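**Q** Below is coords08.pdb; it holds PDB, C-alpha atoms.
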```pdb
ATOM      1  CA  MET K   1     -13.281   1.592  -9.080
ATOM      2  CA  PHE K   2     -12.084  -0.748 -11.852
ATOM      3  CA  VAL K   3     -10.368   2.098 -13.703
ATOM      4  CA  SER K   4      -8.624   3.290 -10.524
ATOM      5  CA  GLY K   5      -7.585  -0.233  -9.570
ATOM      6  CA  ALA K   6      -6.134  -0.988 -13.013
ATOM      7  CA  LEU K   7      -4.237   2.303 -13.085
ATOM      8  CA  ILE K   8      -2.749   1.741  -9.629
ATOM      9  CA  ILE K   9      -1.637  -1.806 -10.487
ATOM     10  CA  LEU K  10       0.029  -0.671 -13.732
ATOM     11  CA  TYR K  11       1.583   2.363 -12.071
ATOM     12  CA  GLN K  12       2.999   0.232  -9.246
ATOM     13  CA  TYR K  13       4.408  -2.208 -11.777
ATOM     14  CA  HIS K  14       5.923   0.668 -13.757
ATOM     15  CA  VAL K  15       7.644   2.444 -10.865
ATOM     16  CA  ASN K  16       9.031  -0.812  -9.457
ATOM     17  CA  ARG K  17      10.500  -2.122 -12.717
ATOM     18  CA  ASN K  18      14.142  -3.148 -12.458
ATOM     19  CA  ASP K  19      14.914  -2.937 -16.182
ATOM     20  CA  ILE K  20      14.428   0.789 -16.712
ATOM     21  CA  ASP K  21      18.151   1.611 -16.839
ATOM     22  CA  PHE K  22      18.695  -1.165 -19.391
ATOM     23  CA  LEU K  23      15.807   0.098 -21.538
ATOM     24  CA  LYS K  24      17.055   3.679 -21.416
ATOM     25  CA  ARG K  25      20.512   2.608 -22.496
ATOM     26  CA  TYR K  26      19.722   0.171 -25.307
ATOM     27  CA  ILE K  27      16.208   0.957 -26.631
ATOM     28  CA  HIS K  28      15.717   4.321 -28.262
ATOM     29  CA  ASP K  29      11.911   4.476 -28.166
ATOM     30  CA  TRP K  30      11.405   2.550 -24.931
ATOM     31  CA  LYS K  31       8.626   4.828 -23.637
ATOM     32  CA  TRP K  32       6.556   4.300 -26.783
ATOM     33  CA  GLN K  33       7.016   0.548 -26.541
ATOM     34  CA  MET K  34       5.825   0.687 -22.941
ATOM     35  CA  LEU K  35       2.835   2.742 -24.057
ATOM     36  CA  VAL K  36       1.801  -0.003 -26.488
ATOM     37  CA  LEU K  37       2.371  -2.797 -23.959
ATOM     38  CA  TYR K  38       0.478  -1.069 -21.151
ATOM     39  CA  ASN K  39      -2.444  -0.295 -23.466
ATOM     40  CA  LEU K  40      -2.570  -3.930 -24.559
ATOM     41  CA  ALA K  41      -2.501  -5.014 -20.917
ATOM     42  CA  ALA K  42      -5.468  -2.743 -20.084
ATOM     43  CA  LEU K  43      -7.396  -3.557 -23.271
ATOM     44  CA  PRO K  44      -9.301  -6.638 -21.944
ATOM     45  CA  LEU K  45     -10.662  -4.593 -19.044
ATOM     46  CA  SER K  46     -11.565  -1.712 -21.370
ATOM     47  CA  LEU K  47     -13.432  -4.051 -23.722
ATOM     48  CA  GLY K  48     -15.335  -5.449 -20.751
ATOM     49  CA  LEU K  49     -16.262  -1.955 -19.568
ATOM     50  CA  VAL K  50     -17.643  -1.103 -23.023
ATOM     51  CA  PHE K  51     -20.464  -3.598 -22.471
ATOM     52  CA  VAL K  52     -21.379  -2.596 -18.908
ATOM     53  CA  CYS K  53     -20.959   1.174 -18.700
ATOM     54  CA  ASP K  54     -20.566   4.390 -20.631
ATOM     55  CA  ILE K  55     -17.822   4.520 -23.300
ATOM     56  CA  TYR K  56     -16.237   7.352 -21.320
ATOM     57  CA  TYR K  57     -14.680   4.963 -18.771
ATOM     58  CA  PRO K  58     -12.774   2.626 -21.132
ATOM     59  CA  VAL K  59     -11.555   5.616 -23.131
ATOM     60  CA  LEU K  60     -10.435   7.339 -19.909
ATOM     61  CA  LEU K  61      -8.627   4.176 -18.822
ATOM     62  CA  GLN K  62      -6.676   3.868 -22.077
ATOM     63  CA  VAL K  63      -5.785   7.573 -22.093
ATOM     64  CA  LEU K  64      -4.505   7.504 -18.510
ATOM     65  CA  VAL K  65      -2.629   4.242 -19.095
ATOM     66  CA  SER K  66      -0.892   5.939 -22.025
ATOM     67  CA  CYS K  67       0.448   8.586 -19.625
ATOM     68  CA  ILE K  68       2.134   6.100 -17.274
ATOM     69  CA  PRO K  69       5.337   5.546 -19.357
ATOM     70  CA  PHE K  70       5.984   9.299 -19.337
ATOM     71  CA  ILE K  71       5.790   9.658 -15.552
ATOM     72  CA  GLY K  72       9.175  10.339 -13.983
ATOM     73  CA  LEU K  73      10.426   7.287 -12.114
ATOM     74  CA  LYS K  74      12.818   8.944  -9.694
ATOM     75  CA  THR K  75      11.947  11.594  -7.171
ATOM     76  CA  SER K  76      14.858  13.648  -5.954
ATOM     77  CA  ARG K  77      15.989  12.792  -2.457
ATOM     78  CA  LYS K  78      16.442  16.521  -1.844
ATOM     79  CA  THR K  79      12.746  17.033  -2.573
ATOM     80  CA  LEU K  80      11.789  14.411   0.015
ATOM     81  CA  ILE K  81      14.553  15.059   2.547
ATOM     82  CA  PHE K  82      11.900  16.284   4.999
ATOM     83  CA  LEU K  83      10.716  12.677   5.420
ATOM     84  CA  GLY K  84      13.750  12.016   7.613
ATOM     85  CA  ARG K  85      12.463  14.684   9.997
ATOM     86  CA  ILE K  86       8.875  13.392  10.018
ATOM     87  CA  PHE K  87       9.601   9.696  10.504
ATOM     88  CA  PRO K  88      12.101   8.328  13.062
ATOM     89  CA  SER K  89      15.048   6.497  11.538
ATOM     90  CA  ASP K  90      13.925   3.180  13.053
ATOM     91  CA  GLN K  91      10.665   3.441  11.078
ATOM     92  CA  PHE K  92      12.510   3.063   7.802
ATOM     93  CA  GLU K  93       9.448   1.390   6.189
ATOM     94  CA  TRP K  94       7.612   4.708   6.172
ATOM     95  CA  ILE K  95      10.620   6.637   4.866
ATOM     96  CA  SER K  96      11.488   4.275   2.015
ATOM     97  CA  GLY K  97       7.835   3.454   1.235
ATOM     98  CA  THR K  98       6.826   7.110   0.998
ATOM     99  CA  ARG K  99       9.820   7.876  -1.217
ATOM    100  CA  ARG K 100       8.985   4.985  -3.554
ATOM    101  CA  ASN K 101       5.290   5.782  -3.838
ATOM    102  CA  PHE K 102       5.151   9.516  -3.160
ATOM    103  CA  ILE K 103       3.200  10.499  -6.286
ATOM    104  CA  LEU K 104       0.705   7.650  -5.934
ATOM    105  CA  LEU K 105       0.159   8.374  -2.230
ATOM    106  CA  LEU K 106      -0.362  12.045  -2.991
ATOM    107  CA  ILE K 107      -2.923  11.317  -5.728
ATOM    108  CA  LEU K 108      -4.865   8.834  -3.591
ATOM    109  CA  SER K 109      -4.842  11.185  -0.588
ATOM    110  CA  ILE K 110      -6.202  14.080  -2.642
ATOM    111  CA  LEU K 111      -8.896  11.850  -4.187
ATOM    112  CA  ALA K 112      -9.907  10.505  -0.767
ATOM    113  CA  ILE K 113     -10.238  14.047   0.628
ATOM    114  CA  LEU K 114     -12.187  15.343  -2.386
ATOM    115  CA  LEU K 115     -14.547  12.356  -2.398
ATOM    116  CA  SER K 116     -14.919  12.116   1.386
ATOM    117  CA  PRO K 117     -18.530  13.448   1.394
ATOM    118  CA  VAL K 118     -19.580  10.895  -1.268
ATOM    119  CA  LYS K 119     -21.066   7.559  -0.254
ATOM    120  CA  LEU K 120     -18.804   4.484  -0.635
ATOM    121  CA  PHE K 121     -16.364   5.871  -3.247
ATOM    122  CA  PRO K 122     -13.922   7.402  -0.720
ATOM    123  CA  LEU K 123     -13.752   4.031   1.041
ATOM    124  CA  VAL K 124     -12.546   2.398  -2.167
ATOM    125  CA  ILE K 125      -9.820   5.047  -2.503
ATOM    126  CA  LEU K 126      -9.003   4.735   1.196
ATOM    127  CA  LEU K 127      -8.670   0.958   0.889
ATOM    128  CA  LEU K 128      -6.239   1.382  -2.014
ATOM    129  CA  LEU K 129      -4.298   3.965   0.011
ATOM    130  CA  ASN K 130      -4.152   1.607   2.998
ATOM    131  CA  LEU K 131      -2.923  -1.255   0.813
ATOM    132  CA  CYS K 132      -0.201   1.043  -0.532
ATOM    133  CA  ILE K 133       0.911   1.781   3.028
ATOM    134  CA  ILE K 134       0.806  -1.898   3.964
ATOM    135  CA  ASP K 135       3.111  -2.552   1.005
ATOM    136  CA  PHE K 136       5.744  -0.523   2.922
ATOM    137  CA  TYR K 137       6.209  -3.668   5.011
ATOM    138  CA  SER K 138       7.011  -5.947   2.068
ATOM    139  CA  LEU K 139      10.770  -5.284   2.272
ATOM    140  CA  TYR K 140      12.975  -6.825   4.955
ATOM    141  CA  GLU K 141      15.619  -4.512   6.379
ATOM    142  CA  PRO K 142      19.271  -5.603   6.747
ATOM    143  CA  LEU K 143      19.993  -7.342  10.035
ATOM    144  CA  ILE K 144      22.012  -4.360  11.304
ATOM    145  CA  MET K 145      18.876  -2.174  10.965
ATOM    146  CA  LEU K 146      16.471  -4.667  12.521
ATOM    147  CA  ASN K 147      16.548  -3.495  16.139
ATOM    148  CA  PRO K 148      19.055  -0.644  16.513
ATOM    149  CA  ASN K 149      17.600   0.412  19.892
ATOM    150  CA  GLY K 150      18.103  -3.035  21.397
ATOM    151  CA  TYR K 151      14.483  -3.413  22.499
ATOM    152  CA  SER K 152      13.107  -6.700  23.738
ATOM    153  CA  ILE K 153      11.148  -8.584  21.065
ATOM    154  CA  GLU K 154       7.781  -7.691  22.595
ATOM    155  CA  ARG K 155       8.685  -4.019  22.925
ATOM    156  CA  PHE K 156      10.160  -3.960  19.413
ATOM    157  CA  LEU K 157       6.929  -5.275  17.893
ATOM    158  CA  SER K 158       4.721  -2.977  19.950
ATOM    159  CA  HIS K 159       6.940   0.001  19.029
ATOM    160  CA  LYS K 160       6.555  -0.759  15.312
ATOM    161  CA  LEU K 161       2.840  -1.357  15.715
ATOM    162  CA  ASN K 162       2.023   1.701  17.840
ATOM    163  CA  PHE K 163       3.802   4.104  15.504
ATOM    164  CA  GLY K 164       2.080   2.691  12.429
ATOM    165  CA  ILE K 165      -1.367   2.641  14.044
ATOM    166  CA  LYS K 166      -1.097   6.323  14.994
ATOM    167  CA  LEU K 167      -0.325   7.277  11.388
ATOM    168  CA  PHE K 168      -2.980   4.886  10.096
ATOM    169  CA  LEU K 169      -5.570   6.624  12.292
ATOM    170  CA  LEU K 170      -4.311  10.038  11.207
ATOM    171  CA  ILE K 171      -4.840   9.066   7.560
ATOM    172  CA  ASN K 172      -8.144   7.197   7.893
ATOM    173  CA  LEU K 173     -10.076   8.981  10.640
ATOM    174  CA  PRO K 174     -10.607  12.407   8.959
ATOM    175  CA  ILE K 175     -11.959  10.788   5.769
ATOM    176  CA  LEU K 176     -14.263   8.442   7.665
ATOM    177  CA  ILE K 177     -15.543  11.184   9.977
ATOM    178  CA  ILE K 178     -16.398  13.467   7.050
ATOM    179  CA  ASN K 179     -18.022  10.558   5.202
ATOM    180  CA  SER K 180     -20.125   9.678   8.272
ATOM    181  CA  LEU K 181     -21.233  13.286   8.742
ATOM    182  CA  PHE K 182     -22.504  13.480   5.169
ATOM    183  CA  ASN K 183     -23.891   9.915   5.133
ATOM    184  CA  HIS K 184     -25.322   8.981   8.527
ATOM    185  CA  ASP K 185     -26.279   5.486   7.371
ATOM    186  CA  MET K 186     -22.575   4.769   6.737
ATOM    187  CA  PHE K 187     -21.517   5.389  10.352
ATOM    188  CA  THR K 188     -21.608   1.754  11.495
ATOM    189  CA  PHE K 189     -19.989   0.459   8.326
ATOM    190  CA  ASN K 190     -17.229   3.080   8.625
ATOM    191  CA  ILE K 191     -16.471   1.917  12.173
ATOM    192  CA  PHE K 192     -16.150  -1.677  10.962
ATOM    193  CA  PHE K 193     -14.031  -0.458   8.053
ATOM    194  CA  LEU K 194     -11.624   1.321  10.405
ATOM    195  CA  VAL K 195     -11.385  -1.611  12.822
ATOM    196  CA  SER K 196     -10.772  -4.068   9.971
ATOM    197  CA  ALA K 197      -8.188  -1.772   8.383
ATOM    198  CA  LEU K 198      -6.289  -1.498  11.681
ATOM    199  CA  ILE K 199      -6.334  -5.283  12.125
ATOM    200  CA  LEU K 200      -5.147  -5.668   8.522
ATOM    201  CA  PHE K 201      -2.267  -3.276   9.176
ATOM    202  CA  ALA K 202      -1.323  -4.994  12.452
ATOM    203  CA  ASN K 203      -1.303  -8.359  10.685
ATOM    204  CA  ALA K 204       0.911  -6.947   7.922
ATOM    205  CA  VAL K 205       3.504  -5.880  10.515
ATOM    206  CA  MET K 206       3.381  -9.252  12.253
ATOM    207  CA  ILE K 207       3.533 -11.212   8.986
ATOM    208  CA  LYS K 208       6.621  -9.246   7.993
ATOM    209  CA  TYR K 209       8.493 -10.268  11.123
ATOM    210  CA  ALA K 210       7.018 -13.767  11.202
ATOM    211  CA  THR K 211       8.651 -14.366   7.818
ATOM    212  CA  TYR K 212      11.624 -11.998   8.204
ATOM    213  CA  ILE K 213      14.839 -12.911   6.373
ATOM    214  CA  PRO K 214      17.508 -10.154   6.204
ATOM    215  CA  ASN K 215      17.758  -8.289   2.876
ATOM    216  CA  GLU K 216      14.921 -10.254   1.260
ATOM    217  CA  SER K 217      11.406  -9.164   0.328
ATOM    218  CA  LEU K 218       8.029 -10.542   1.342
ATOM    219  CA  THR K 219       6.328 -12.704  -1.252
ATOM    220  CA  PHE K 220       2.564 -13.212  -1.510
ATOM    221  CA  HIS K 221       1.041 -14.289   1.801
ATOM    222  CA  ALA K 222      -2.354 -16.003   1.719
ATOM    223  CA  ASP K 223      -3.454 -14.406   5.006
ATOM    224  CA  MET K 224      -3.354 -10.945   3.431
ATOM    225  CA  LEU K 225      -6.001 -11.866   0.868
ATOM    226  CA  LEU K 226      -8.436 -12.990   3.542
ATOM    227  CA  LEU K 227      -7.586 -10.004   5.735
ATOM    228  CA  THR K 228      -8.291  -7.608   2.867
ATOM    229  CA  PHE K 229     -11.736  -9.167   2.445
ATOM    230  CA  SER K 230     -12.396  -8.518   6.132
ATOM    231  CA  VAL K 231     -12.239  -4.771   5.443
ATOM    232  CA  ILE K 232     -15.171  -5.150   3.051
ATOM    233  CA  ILE K 233     -16.995  -7.982   4.863
ATOM    234  CA  PRO K 234     -17.035  -7.316   8.648
ATOM    235  CA  PHE K 235     -18.049 -10.925   9.419
ATOM    236  CA  PHE K 236     -14.391 -11.869   8.896
ATOM    237  CA  ILE K 237     -13.191  -9.651  11.775
ATOM    238  CA  PRO K 238     -13.107 -12.478  14.395
ATOM    239  CA  LEU K 239     -11.002 -14.579  12.026
ATOM    240  CA  SER K 240      -8.727 -11.575  11.432
ATOM    241  CA  LEU K 241      -8.176 -11.240  15.170
ATOM    242  CA  PHE K 242      -7.324 -14.935  15.413
ATOM    243  CA  LEU K 243      -4.805 -14.539  12.561
ATOM    244  CA  LEU K 244      -3.309 -11.538  14.359
ATOM    245  CA  TYR K 245      -2.787 -13.662  17.472
ATOM    246  CA  GLN K 246      -1.154 -16.424  15.432
ATOM    247  CA  ASN K 247       1.052 -14.062  13.396
ATOM    248  CA  HIS K 248       2.146 -12.233  16.535
ATOM    249  CA  LYS K 249       3.249 -15.530  18.087
ATOM    250  CA  LYS K 250       5.101 -16.520  14.879
ATOM    251  CA  ALA K 251       6.787 -13.104  14.703
ATOM    252  CA  LYS K 252       8.189 -13.456  18.226
ATOM    253  CA  GLN K 253       9.454 -16.966  17.487
ATOM    254  CA  ASN K 254      11.110 -15.912  14.229
ATOM    255  CA  LEU K 255      12.763 -12.819  15.727
ATOM    256  CA  LEU K 256      14.393 -14.972  18.400
ATOM    257  CA  ARG K 257      16.681 -16.290  15.622
ATOM    258  CA  TYR K 258      18.031 -12.790  14.912
ATOM    259  CA  THR K 259      18.024 -11.041  18.283
ATOM    260  CA  THR K 260      19.761 -13.595  20.498
TER     261      THR K 260
END
```
Let me see whether you can do it: turn the structure in this file into C-alpha cells.

**A**
Amino acid sequence: MFVSGALIILYQYHVNRNDIDFLKRYIHDWKWQMLVLYNLAALPLSLGLVFVCDIYYPVLLQVLVSCIPFIGLKTSRKTLIFLGRIFPSDQFEWISGTRRNFILLLILSILAILLSPVKLFPLVILLLLNLCIIDFYSLYEPLIMLNPNGYSIERFLSHKLNFGIKLFLLINLPILIINSLFNHDMFTFNIFFLVSALILFANAVMIKYATYIPNESLTFHADMLLLTFSVIIPFFIPLSLFLLYQNHKKAKQNLLRYTT
C-alpha cells in the first residue's frame, strides 16, 4: 500500500509538471537528474520500510521510482480520440481527466481486477482509482463551457452528478462484487465502502461548483480529507451526508453568479 501510494504521488507530480519543456530545451541530462531527485524523495519511506518489512519492498520502490522519469509524458490525441465518442462533450472532466491520467488509470484498473478476489488489497487500489477520478473535478472549465445546454442550476448539477455516479458504479461494482463473492465477511464493509465512495464523489462535484471560478483550478479543500476518511471509517457517513447537503447549497448559490 505504501509503495503504491508513493509511486502514484510521484507519478502524478511527474506527469503534471509544467517545466518539462524548459528542462528538455536547456538541460541535456534532465531525465537522469529527475531520477536522482525522485529517488531522494522516496528514500525516507524506503528507509522506514527496511525496518518494518522485507527488503524486497524498499528495493522495489526505488527501482520503480527510477522508471518514472523515462515514462512518456504525452499521449497522442489520435490514440485517445475515442474518448470523445464515449463521453459527451459536456462531461469534459472525464475526457480531459482520462487523457491526462490514462496510463495511471489503466494500471490501477488492471491491478484492481487482478486483485479483486484478495481481501482488502483491491479496496486500497480502488480507493486510489476513485481519488484519481475525483481529481478530474479539480479544474474549472471556461465560463463558455460551464452550461452549454442552458439547463437550470438544479438540473445542471443533477446532470453532472448522475453521469458521474453511473460511471463510478460501473468502475466500482464489479470489483466489489467479486471481492464479496470470494470474501463473504467483507460484504457489509464493501457496501459501506461503495456508499462512502459515492458520497465522496458527489461532494467532489458539489465542491467544484461551490468554489467555481472560470479558468482556475481547485486548491486543497479540507472537506475532502474528512470525506476520504469516511470511505475507510463508515462512522463518518452521516457527517459526509451533511457536508453533501451544505456543499450542494453552496454550489447552487455560487452558480447563480455565472448563470444569470

**Q** Report, in Å with one decimal, the straight-line distance from atom CA of Ile178 of chain K to atom CA of Leu128 of chain K.

**A** 18.2 Å

**Q** Taking all atoms listed in the file into account, name the residue in K:Ser116, K:Leu131, K:Ala210, K:Met145 that is nearest to Ile177 of chain K.

**A**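 The closest residue to Ile177 of chain K is K:Ser116.
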
**Q** Please determine an axis-aligned box that encloses all atoms of segment 153-170 of chain K listed in the file, with 5 Å added on each side, and express its centre and edge lengths in Å to one decimal as JSON.

**A**
```
{"center_x": 2.8, "center_y": 0.7, "center_z": 16.5, "size_x": 26.7, "size_y": 28.6, "size_z": 22.8}
```

**Q** For the provided coordinates, the residues matched by the PyMOL selection byres ((chain K and resi 6) around 12) should be stated as a ChimeraX atom specification.

**A** /K:1-5,7-13,38-39,41-46,57-58,60-62,64-65,68,128

**Q** Take the PyMOL selection byres ((chain K and resi 109) around 12), run it mentally on this structure, and tell me the resulting residues as a PDB file with C-alpha atoms, in the frame of the given file.

**A**
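So the final result, stored in out10.pdb, reads:
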```pdb
ATOM      1  CA  ASN K 101       5.290   5.782  -3.838  1.00  0.00           C
ATOM      2  CA  PHE K 102       5.151   9.516  -3.160  1.00  0.00           C
ATOM      3  CA  ILE K 103       3.200  10.499  -6.286  1.00  0.00           C
ATOM      4  CA  LEU K 104       0.705   7.650  -5.934  1.00  0.00           C
ATOM      5  CA  LEU K 105       0.159   8.374  -2.230  1.00  0.00           C
ATOM      6  CA  LEU K 106      -0.362  12.045  -2.991  1.00  0.00           C
ATOM      7  CA  ILE K 107      -2.923  11.317  -5.728  1.00  0.00           C
ATOM      8  CA  LEU K 108      -4.865   8.834  -3.591  1.00  0.00           C
ATOM      9  CA  ILE K 110      -6.202  14.080  -2.642  1.00  0.00           C
ATOM     10  CA  LEU K 111      -8.896  11.850  -4.187  1.00  0.00           C
ATOM     11  CA  ALA K 112      -9.907  10.505  -0.767  1.00  0.00           C
ATOM     12  CA  ILE K 113     -10.238  14.047   0.628  1.00  0.00           C
ATOM     13  CA  LEU K 114     -12.187  15.343  -2.386  1.00  0.00           C
ATOM     14  CA  LEU K 115     -14.547  12.356  -2.398  1.00  0.00           C
ATOM     15  CA  SER K 116     -14.919  12.116   1.386  1.00  0.00           C
ATOM     16  CA  PRO K 122     -13.922   7.402  -0.720  1.00  0.00           C
ATOM     17  CA  LEU K 123     -13.752   4.031   1.041  1.00  0.00           C
ATOM     18  CA  VAL K 124     -12.546   2.398  -2.167  1.00  0.00           C
ATOM     19  CA  ILE K 125      -9.820   5.047  -2.503  1.00  0.00           C
ATOM     20  CA  LEU K 126      -9.003   4.735   1.196  1.00  0.00           C
ATOM     21  CA  LEU K 127      -8.670   0.958   0.889  1.00  0.00           C
ATOM     22  CA  LEU K 128      -6.239   1.382  -2.014  1.00  0.00           C
ATOM     23  CA  LEU K 129      -4.298   3.965   0.011  1.00  0.00           C
ATOM     24  CA  ASN K 130      -4.152   1.607   2.998  1.00  0.00           C
ATOM     25  CA  CYS K 132      -0.201   1.043  -0.532  1.00  0.00           C
ATOM     26  CA  ILE K 133       0.911   1.781   3.028  1.00  0.00           C
ATOM     27  CA  LEU K 170      -4.311  10.038  11.207  1.00  0.00           C
ATOM     28  CA  ILE K 171      -4.840   9.066   7.560  1.00  0.00           C
ATOM     29  CA  ASN K 172      -8.144   7.197   7.893  1.00  0.00           C
ATOM     30  CA  PRO K 174     -10.607  12.407   8.959  1.00  0.00           C
ATOM     31  CA  ILE K 175     -11.959  10.788   5.769  1.00  0.00           C
TER      32      ILE K 175
END
```

**Q** Could you jot down the atom CA of Tyr137 of chain K to atom CA of Ala202 of chain K separation for me, Å, one decimal place?

**A**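 Going from atom CA of Tyr137 of chain K over to atom CA of Ala202 of chain K, I get 10.7 Å.
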
**Q** Find the residues around Asn254 of chain K up to 7 Å (only C-alpha atoms counted), leave out those fewer than 3 positions away in its own chain, and share them as a VMD selection string.

**A** chain K and resid 209 to 210 250 to 251 257

**Q** Could you check which of K:Gln253, K:Ser196, K:Gln33, K:Asn149 is closest to Leu227 of chain K, using all atoms listed in the file?

**A**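 The shortest atom-to-atom distance to Leu227 of chain K comes from K:Ser196.
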
**Q** Just say which residues the PyMOL selection byres ((chain K and resi 258) around 12) picks in this file, as a list in words.

**A** Pro142, Leu143, Ile144, Met145, Leu146, Asn147, Gly150, Ser152, Ile153, Tyr209, Ala210, Thr211, Tyr212, Ile213, Pro214, Ala251, Lys252, Gln253, Asn254, Leu255, Leu256, Arg257, Thr259 and Thr260 of chain K

**Q** Could you take the residues named above and write them with C-alpha atoms, as a compact mmCIF listing (two decimals), in the coordinates of the input?

**A**
```txt
# COMPACT_ATOMS: atom_id res chain seq x y z
CA PRO K 142 19.27 -5.60 6.75
CA LEU K 143 19.99 -7.34 10.04
CA ILE K 144 22.01 -4.36 11.30
CA MET K 145 18.88 -2.17 10.96
CA LEU K 146 16.47 -4.67 12.52
CA ASN K 147 16.55 -3.50 16.14
CA GLY K 150 18.10 -3.04 21.40
CA SER K 152 13.11 -6.70 23.74
CA ILE K 153 11.15 -8.58 21.06
CA TYR K 209 8.49 -10.27 11.12
CA ALA K 210 7.02 -13.77 11.20
CA THR K 211 8.65 -14.37 7.82
CA TYR K 212 11.62 -12.00 8.20
CA ILE K 213 14.84 -12.91 6.37
CA PRO K 214 17.51 -10.15 6.20
CA ALA K 251 6.79 -13.10 14.70
CA LYS K 252 8.19 -13.46 18.23
CA GLN K 253 9.45 -16.97 17.49
CA ASN K 254 11.11 -15.91 14.23
CA LEU K 255 12.76 -12.82 15.73
CA LEU K 256 14.39 -14.97 18.40
CA ARG K 257 16.68 -16.29 15.62
CA THR K 259 18.02 -11.04 18.28
CA THR K 260 19.76 -13.60 20.50
```

**Q** So, counting all atoms listed in the file, which residue among K:Leu139, K:Ile20, K:Cys67, K:Ile199 is closest to Thr219 of chain K?

**A**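 Comparing K:Leu139, K:Ile20, K:Cys67, K:Ile199 against Thr219 of chain K, the winner is K:Leu139.
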
**Q** For atom CA of Asn179 of chain K and atom CA of Leu198 of chain K, quote the distance in Å rounded to one decimal.

**A**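 Atom CA of Asn179 of chain K sits 18.0 Å away from atom CA of Leu198 of chain K.
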